[in-house]
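Chemist: So that you have it, the file is structure_28.cif, and it contains mmCIF, C-alpha atoms:
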```cif
data_coords
loop_
_atom_site.group_PDB
_atom_site.id
_atom_site.type_symbol
_atom_site.label_atom_id
_atom_site.label_comp_id
_atom_site.auth_asym_id
_atom_site.auth_seq_id
_atom_site.Cartn_x
_atom_site.Cartn_y
_atom_site.Cartn_z
ATOM 1 C CA LEU R 354 83.620 135.674 203.394
ATOM 2 C CA TRP R 355 80.699 133.456 202.337
ATOM 3 C CA ARG R 356 82.577 130.419 203.596
ATOM 4 C CA ASP R 357 83.349 132.214 206.861
ATOM 5 C CA LEU R 358 79.747 133.229 207.476
ATOM 6 C CA THR R 359 78.267 129.850 206.588
ATOM 7 C CA SER R 360 80.870 127.760 208.387
ATOM 8 C CA GLU R 361 80.441 126.053 211.743
ATOM 9 C CA LYS R 362 80.142 129.038 214.085
ATOM 10 C CA SER R 363 82.034 127.350 216.886
ATOM 11 C CA GLU R 364 85.104 127.323 214.625
ATOM 12 C CA ARG R 365 84.810 130.869 213.291
ATOM 13 C CA HIS R 366 87.501 133.404 214.122
ATOM 14 C CA ALA R 367 85.906 136.070 216.299
ATOM 15 C CA ASP R 368 87.579 139.013 214.539
ATOM 16 C CA TYR R 369 86.999 137.872 210.958
ATOM 17 C CA MET R 370 85.506 141.267 210.082
ATOM 18 C CA GLY R 371 88.826 142.944 210.827
ATOM 19 C CA ASP R 372 90.290 141.625 207.587
ATOM 20 C CA PRO R 373 90.005 144.399 204.921
ATOM 21 C CA SER R 374 88.925 142.063 202.111
ATOM 22 C CA ARG R 375 86.233 140.421 204.250
ATOM 23 C CA LEU R 376 84.990 143.774 205.484
ATOM 24 C CA ALA R 377 84.783 145.090 201.916
ATOM 25 C CA ALA R 378 82.817 142.027 200.834
ATOM 26 C CA TYR R 379 80.478 142.378 203.802
ATOM 27 C CA LEU R 380 79.825 146.059 203.097
ATOM 28 C CA ARG R 381 79.076 145.378 199.438
ATOM 29 C CA TYR R 382 76.796 142.363 199.827
ATOM 30 C CA PHE R 383 75.767 141.230 203.304
ATOM 31 C CA MET R 384 75.203 144.637 204.905
ATOM 32 C CA PRO R 385 72.790 145.921 202.215
ATOM 33 C CA TRP R 386 70.674 142.773 202.511
ATOM 34 C CA ASN R 387 70.634 143.029 206.300
ATOM 35 C CA VAL R 388 69.545 146.661 206.016
ATOM 36 C CA VAL R 389 66.792 145.677 203.575
ATOM 37 C CA LYS R 390 65.510 143.101 206.063
ATOM 38 C CA LEU R 391 65.667 145.448 209.049
ATOM 39 C CA VAL R 392 63.993 148.493 207.485
ATOM 40 C CA PRO R 393 60.411 147.084 207.360
ATOM 41 C CA LEU R 394 60.738 145.831 210.934
ATOM 42 C CA LEU R 395 62.016 149.140 212.283
ATOM 43 C CA ALA R 396 59.433 151.110 210.300
ATOM 44 C CA GLY R 397 56.606 149.373 212.132
ATOM 45 C CA LEU R 398 57.899 149.513 215.723
ATOM 46 C CA ASP R 399 56.822 152.091 218.285
ATOM 47 C CA MET R 400 60.162 152.992 219.857
ATOM 48 C CA HIS R 401 59.210 156.100 221.850
ATOM 49 C CA LEU R 402 62.515 157.801 221.004
ATOM 50 C CA ALA R 403 62.692 161.483 221.886
ATOM 51 C CA GLU R 404 65.274 164.256 221.937
ATOM 52 C CA GLY R 405 68.272 163.383 224.112
ATOM 53 C CA ASP R 406 67.478 159.666 224.356
ATOM 54 C CA SER R 407 70.363 157.192 224.349
ATOM 55 C CA VAL R 408 70.548 154.026 222.254
ATOM 56 C CA LEU R 409 72.995 151.149 222.793
ATOM 57 C CA ASP R 410 73.649 148.971 219.746
ATOM 58 C CA ILE R 411 75.456 145.757 220.727
ATOM 59 C CA GLY R 412 77.607 144.061 218.089
ATOM 60 C CA SER R 413 77.008 147.037 215.844
ATOM 61 C CA GLY R 414 79.473 146.005 213.125
ATOM 62 C CA PRO R 415 79.261 148.611 210.353
ATOM 63 C CA LEU R 416 76.354 150.279 212.188
ATOM 64 C CA THR R 417 73.859 148.153 210.263
ATOM 65 C CA LEU R 418 70.972 148.768 212.646
ATOM 66 C CA PRO R 419 71.507 152.550 213.038
ATOM 67 C CA VAL R 420 71.776 152.843 209.242
ATOM 68 C CA ALA R 421 68.546 150.860 208.818
ATOM 69 C CA LEU R 422 66.840 153.000 211.479
ATOM 70 C CA TRP R 423 67.899 156.188 209.699
ATOM 71 C CA ILE R 424 66.397 154.887 206.445
ATOM 72 C CA ALA R 425 63.248 153.459 208.032
ATOM 73 C CA ARG R 426 62.313 156.409 210.262
ATOM 74 C CA PRO R 427 62.740 159.775 208.489
ATOM 75 C CA GLU R 428 60.970 161.512 211.376
ATOM 76 C CA LEU R 429 63.883 160.607 213.681
ATOM 77 C CA ARG R 430 66.632 162.002 211.456
ATOM 78 C CA ALA R 431 66.455 165.487 212.942
ATOM 79 C CA VAL R 432 65.970 164.256 216.524
ATOM 80 C CA PRO R 433 69.167 164.613 218.615
ATOM 81 C CA LEU R 434 69.737 161.024 219.727
ATOM 82 C CA ARG R 435 72.867 159.555 221.308
ATOM 83 C CA PHE R 436 74.082 156.223 219.939
ATOM 84 C CA THR R 437 76.727 154.035 221.542
ATOM 85 C CA CYS R 438 77.801 151.476 218.951
ATOM 86 C CA LEU R 439 79.667 148.538 220.450
ATOM 87 C CA ASP R 440 81.788 146.096 218.448
ATOM 88 C CA ARG R 441 85.084 144.258 218.829
ATOM 89 C CA VAL R 442 86.530 145.576 215.526
ATOM 90 C CA ARG R 443 87.173 149.322 215.317
ATOM 91 C CA ARG R 444 87.668 149.313 211.550
ATOM 92 C CA THR R 445 84.167 147.939 211.056
ATOM 93 C CA LEU R 446 82.608 150.600 213.283
ATOM 94 C CA GLU R 447 84.421 153.377 211.439
ATOM 95 C CA ALA R 448 83.213 152.068 208.085
ATOM 96 C CA GLY R 449 79.637 152.130 209.338
ATOM 97 C CA GLN R 450 79.987 155.645 210.704
ATOM 98 C CA ALA R 451 81.195 156.822 207.286
ATOM 99 C CA ILE R 452 78.135 155.206 205.662
ATOM 100 C CA LEU R 453 75.737 156.813 208.134
ATOM 101 C CA GLU R 454 77.336 160.234 207.701
ATOM 102 C CA GLY R 455 77.224 159.792 203.927
ATOM 103 C CA LEU R 456 73.495 159.071 204.041
ATOM 104 C CA ALA R 457 72.916 162.250 206.045
ATOM 105 C CA MET R 458 75.058 164.278 203.670
ATOM 106 C CA ARG R 459 73.009 163.082 200.693
ATOM 107 C CA THR R 460 69.912 164.636 202.267
ATOM 108 C CA GLY R 461 71.692 167.956 202.589
ATOM 109 C CA GLN R 462 71.341 168.102 206.358
ATOM 110 C CA PRO R 463 73.939 167.510 209.083
ATOM 111 C CA LEU R 464 73.701 164.321 211.099
ATOM 112 C CA ALA R 465 71.733 165.178 214.243
ATOM 113 C CA TRP R 466 72.673 161.936 215.963
ATOM 114 C CA THR R 467 75.727 161.755 218.205
ATOM 115 C CA VAL R 468 77.497 158.468 217.509
ATOM 116 C CA THR R 469 80.095 157.082 219.918
ATOM 117 C CA LEU R 470 82.136 154.124 218.682
ATOM 118 C CA SER R 471 83.148 151.675 221.404
ATOM 119 C CA LYS R 472 85.689 148.964 220.578
ATOM 120 C CA ASP R 473 84.791 146.334 223.132
ATOM 121 C CA THR R 474 83.066 142.982 223.526
ATOM 122 C CA PHE R 475 79.689 142.649 225.151
ATOM 123 C CA ALA R 476 80.757 139.467 226.947
ATOM 124 C CA THR R 477 83.702 141.099 228.718
ATOM 125 C CA ARG R 478 82.297 144.577 229.274
ATOM 126 C CA LYS R 479 81.803 144.782 233.020
ATOM 127 C CA THR R 480 80.750 148.367 233.630
ATOM 128 C CA ASP R 481 78.814 150.985 231.776
ATOM 129 C CA ASP R 482 78.349 154.471 233.203
ATOM 130 C CA ALA R 483 75.098 154.785 231.276
ATOM 131 C CA ALA R 484 73.670 151.420 232.388
ATOM 132 C CA GLY R 485 70.008 151.707 233.237
ATOM 133 C CA THR R 486 69.581 154.839 231.147
ATOM 134 C CA TYR R 487 69.225 153.571 227.573
ATOM 135 C CA ALA R 488 65.860 154.266 225.981
ATOM 136 C CA LEU R 489 66.594 151.512 223.466
ATOM 137 C CA VAL R 490 69.004 148.559 223.564
ATOM 138 C CA THR R 491 69.459 146.745 220.262
ATOM 139 C CA ALA R 492 71.338 143.725 218.953
ATOM 140 C CA ALA R 493 70.939 142.450 215.387
ATOM 141 C CA ASN R 494 72.513 139.166 214.276
ATOM 142 C CA VAL R 495 74.804 139.120 217.312
ATOM 143 C CA PHE R 496 73.962 136.514 219.916
ATOM 144 C CA ASN R 497 73.818 133.585 217.504
ATOM 145 C CA GLU R 498 77.609 133.920 217.379
ATOM 146 C CA SER R 499 78.098 134.213 221.124
ATOM 147 C CA PHE R 500 76.539 131.137 222.701
ATOM 148 C CA TRP R 501 78.532 128.429 220.964
ATOM 149 C CA HIS R 502 81.254 128.374 223.600
ATOM 150 C CA ALA R 503 79.059 129.369 226.541
ATOM 151 C CA ARG R 504 78.494 126.862 229.303
ATOM 152 C CA GLY R 505 75.038 125.805 230.370
ATOM 153 C CA SER R 506 71.818 125.286 228.453
ATOM 154 C CA LEU R 507 70.356 127.706 225.927
ATOM 155 C CA SER R 508 67.594 128.614 228.383
ATOM 156 C CA GLU R 509 70.173 129.429 231.089
ATOM 157 C CA ARG R 510 72.152 131.566 228.648
ATOM 158 C CA ALA R 511 68.953 133.329 227.528
ATOM 159 C CA GLU R 512 68.000 134.064 231.135
ATOM 160 C CA GLN R 513 71.433 135.515 231.901
ATOM 161 C CA LEU R 514 71.268 137.641 228.762
ATOM 162 C CA ALA R 515 67.776 138.919 229.579
ATOM 163 C CA VAL R 516 68.930 140.039 233.035
ATOM 164 C CA THR R 517 71.952 141.814 231.546
ATOM 165 C CA LEU R 518 69.918 143.581 228.868
ATOM 166 C CA ARG R 519 67.312 144.649 231.432
ATOM 167 C CA GLY R 520 70.087 146.209 233.484
ATOM 168 C CA LEU R 521 71.166 148.326 230.525
ATOM 169 C CA ALA R 522 67.713 149.616 229.604
ATOM 170 C CA ALA R 523 65.938 152.410 231.446
ATOM 171 C CA ALA R 524 62.871 151.528 233.495
ATOM 172 C CA ASP R 525 60.646 152.463 230.546
ATOM 173 C CA GLY R 526 63.225 151.473 227.936
ATOM 174 C CA ARG R 527 62.866 149.011 225.085
ATOM 175 C CA ILE R 528 64.969 146.023 224.035
ATOM 176 C CA LEU R 529 65.131 144.789 220.450
ATOM 177 C CA VAL R 530 66.913 141.529 219.592
ATOM 178 C CA VAL R 531 66.923 140.325 215.985
ATOM 179 C CA GLU R 532 68.465 136.955 215.100
ATOM 180 C CA PRO R 533 68.608 134.728 212.006
ATOM 181 C CA GLY R 534 66.494 131.603 211.661
ATOM 182 C CA ASP R 535 69.181 128.957 211.896
ATOM 183 C CA PRO R 536 68.151 125.786 213.774
ATOM 184 C CA ARG R 537 69.611 126.666 217.167
ATOM 185 C CA THR R 538 68.974 130.408 217.401
ATOM 186 C CA PRO R 539 65.136 130.318 217.519
ATOM 187 C CA SER R 540 65.331 128.061 220.579
ATOM 188 C CA PHE R 541 67.652 130.572 222.198
ATOM 189 C CA VAL R 542 65.423 133.563 221.404
ATOM 190 C CA ALA R 543 62.229 131.732 222.407
ATOM 191 C CA SER R 544 63.621 130.632 225.789
ATOM 192 C CA HIS R 545 61.797 132.285 228.667
ATOM 193 C CA PRO R 546 63.867 135.179 230.041
ATOM 194 C CA ASP R 547 63.621 134.231 233.693
ATOM 195 C CA PRO R 548 61.969 131.717 236.058
ATOM 196 C CA ASP R 549 59.036 133.879 237.123
ATOM 197 C CA GLN R 550 58.136 134.488 233.463
ATOM 198 C CA ARG R 551 58.599 138.244 233.507
ATOM 199 C CA LYS R 552 59.492 139.791 230.177
ATOM 200 C CA PRO R 553 62.295 142.307 229.567
ATOM 201 C CA PRO R 554 61.120 145.917 229.103
ATOM 202 C CA GLY R 555 59.661 146.502 225.677
ATOM 203 C CA ALA R 556 59.730 142.806 224.737
#
```
Let me see the file written as structure tokens.
Modeler:
Amino acid sequence: LWRDLTSEKSERHADYMGDPSRLAAYLRYFMPWNVVKLVPLLAGLDMHLAEGDSVLDIGSGPLTLPVALWIARPELRAVPLRFTCLDRVRRTLEAGQAILEGLAMRTGQPLAWTVTLSKDTFATRKTDDAAGTYALVTAANVFNESFWHARGSLSERAEQLAVTLRGLAAADGRILVVEPGDPRTPSFVASHPDPDQRKPPGA
């Protein structure tokens, strides 16, 4: 798994997390460290999440970001939120759901969040009945794996992505994108979202 994750990303198999041994290794090592890194960030953000709000987590994997949010924000644990967790590998999503439910069970309270697992790819997903209604759209460690085969410059890809993400978020919604600090990704994240220099909601 270490070799897979540190290899040239343009040569990486897209569904590498579907292999049971790789998934087990990820859950035991990489996921905990990613959670540790996300918790302080999520603890300090003003997300304006309220009862009935919907959250879309793109490239959710084993629900790393929802798990980190549950740990970081105890005040949200009893708030009925609706999560749509999107990933291309169903097995990975199910593993994350089991972890999230286990965390809730350890507190002695039922999970108040409604979690919908969606086996799909963000790149090919054309329609979303809830588009424009998400109070929060998140993606952690996702897009650095998606632009290696994309045509056009990084700034063009970033602009297209910003438009797509804006279309998913509600008018007063927030967008959170977290990416690693490899040489190419910061240029992608720092690219201006569109020509007239408007920012996505909640940026």
Chemist: What is the distance between atom CA of R:Thr469 and atom CA of R:Ala451, in Å to one decimal?
Modeler: 12.7 Å
Chemist: Near R:Cys438, counting all atoms listed in the file, which residues have an atom at most 6 Å away, once you skip same-chain residues fewer than 4 positions from it, shown as a CSV table (one decimal) with C-alpha atoms, in the frame of the given file?
Modeler:
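Done, and the output landed in result-v2.csv:
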```
chain,number,residue,atom,x,y,z
R,410,ASP,CA,73.6,149.0,219.7
R,413,SER,CA,77.0,147.0,215.8
R,470,LEU,CA,82.1,154.1,218.7
R,471,SER,CA,83.1,151.7,221.4
```
Chemist: Name the closest residue to R:Arg426 among the candidates R:Asp525, R:Asp399, R:Glu447, R:Glu404; distances are taken between atoms, counting only C-alpha atoms.
Modeler: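 For R:Arg426, the nearest of the given residues is R:Asp399.
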Chemist: Find the residue from R:Ala522, R:Gly534, R:Thr445, R:Ile452 that sits nearest to R:Thr491; use all atoms listed in the file when measuring.
Modeler: R:Ala522
Chemist: Which one of R:Lys390, R:Ala524, R:Arg430, R:Arg441 sits closest to R:Met458 if you count only C-alpha atoms?
Modeler: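 Nearest to R:Met458: R:Arg430.
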Chemist: Using atom CA of R:Leu394 and atom CA of R:Ala425 as the two end points, give the distance in Å to one decimal.
Modeler: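 According to the coordinates, atom CA of R:Leu394 and atom CA of R:Ala425 are separated by 8.5 Å.
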Chemist: For this structure, which residues satisfy the selection - the PyMOL selection byres ((chain R and resi 421) around 9) - when it is evaluated on the file as given? I want them as a list in words.
Modeler: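 Applied to this file, the PyMOL selection byres ((chain R and resi 421) around 9) selects Asn387, Val388, Val389, Lys390, Leu391, Val392, Leu395, Leu416, Thr417, Leu418, Pro419, Val420, Leu422, Trp423, Ile424, Ala425 and Arg426 of chain R.
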Chemist: Nearest to R:Leu456: which of R:Leu489, R:Thr437, R:Val531, R:Pro427 is it, counting only C-alpha atoms?
Modeler: R:Pro427
Chemist: Need the shell around R:Pro533: protein/DNA/RNA residues with any atom at most 9 Å away, counting only C-alpha atoms. Skip same-chain ones fewer than 3 positions apart. Format as a list in words?
Modeler: Ala493, Asn494, Asn497, Thr538 and Pro539 of chain R
Chemist: Suppose we keep C-alpha atoms; can you now write the selection as a PDB file, in the coordinates of the input?
Modeler:
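Heads up, here's the output in out_20.pdb:
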```pdb
ATOM      1  CA  ALA R 493      70.939 142.450 215.387  1.00  0.00           C
ATOM      2  CA  ASN R 494      72.513 139.166 214.276  1.00  0.00           C
ATOM      3  CA  ASN R 497      73.818 133.585 217.504  1.00  0.00           C
ATOM      4  CA  THR R 538      68.974 130.408 217.401  1.00  0.00           C
ATOM      5  CA  PRO R 539      65.136 130.318 217.519  1.00  0.00           C
TER       6      PRO R 539
END
```
Chemist: Would you mind telling me which residue in R:Ala511, R:Ile528, R:Gly449, R:Ile411 lies nearest to R:Val542 when using only C-alpha atoms?
Modeler: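 Going through R:Ala511, R:Ile528, R:Gly449, R:Ile411 one by one, the smallest distance to R:Val542 is for R:Ala511.
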Chemist: For R:Leu439, which residue among R:Ala457, R:Ala543, R:Leu409, R:Ala484 is the nearest when counting all atoms listed in the file?
Modeler: R:Leu409
Chemist: Run the PyMOL selection byres ((chain R and resi 373) around 12) against the file shown and list the residues it catches, as JSON, numbers by chain.
Modeler: {"R": [354, 368, 369, 370, 371, 372, 374, 375, 376, 377, 378, 379, 380, 442, 443, 444, 445, 448]}
Chemist: Just how far from atom CA of R:Thr474 is atom CA of R:Leu507, in Å to one decimal?
Modeler: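 Taking atom CA of R:Leu507 as the start and atom CA of R:Thr474 as the end point, the length is 20.0 Å.
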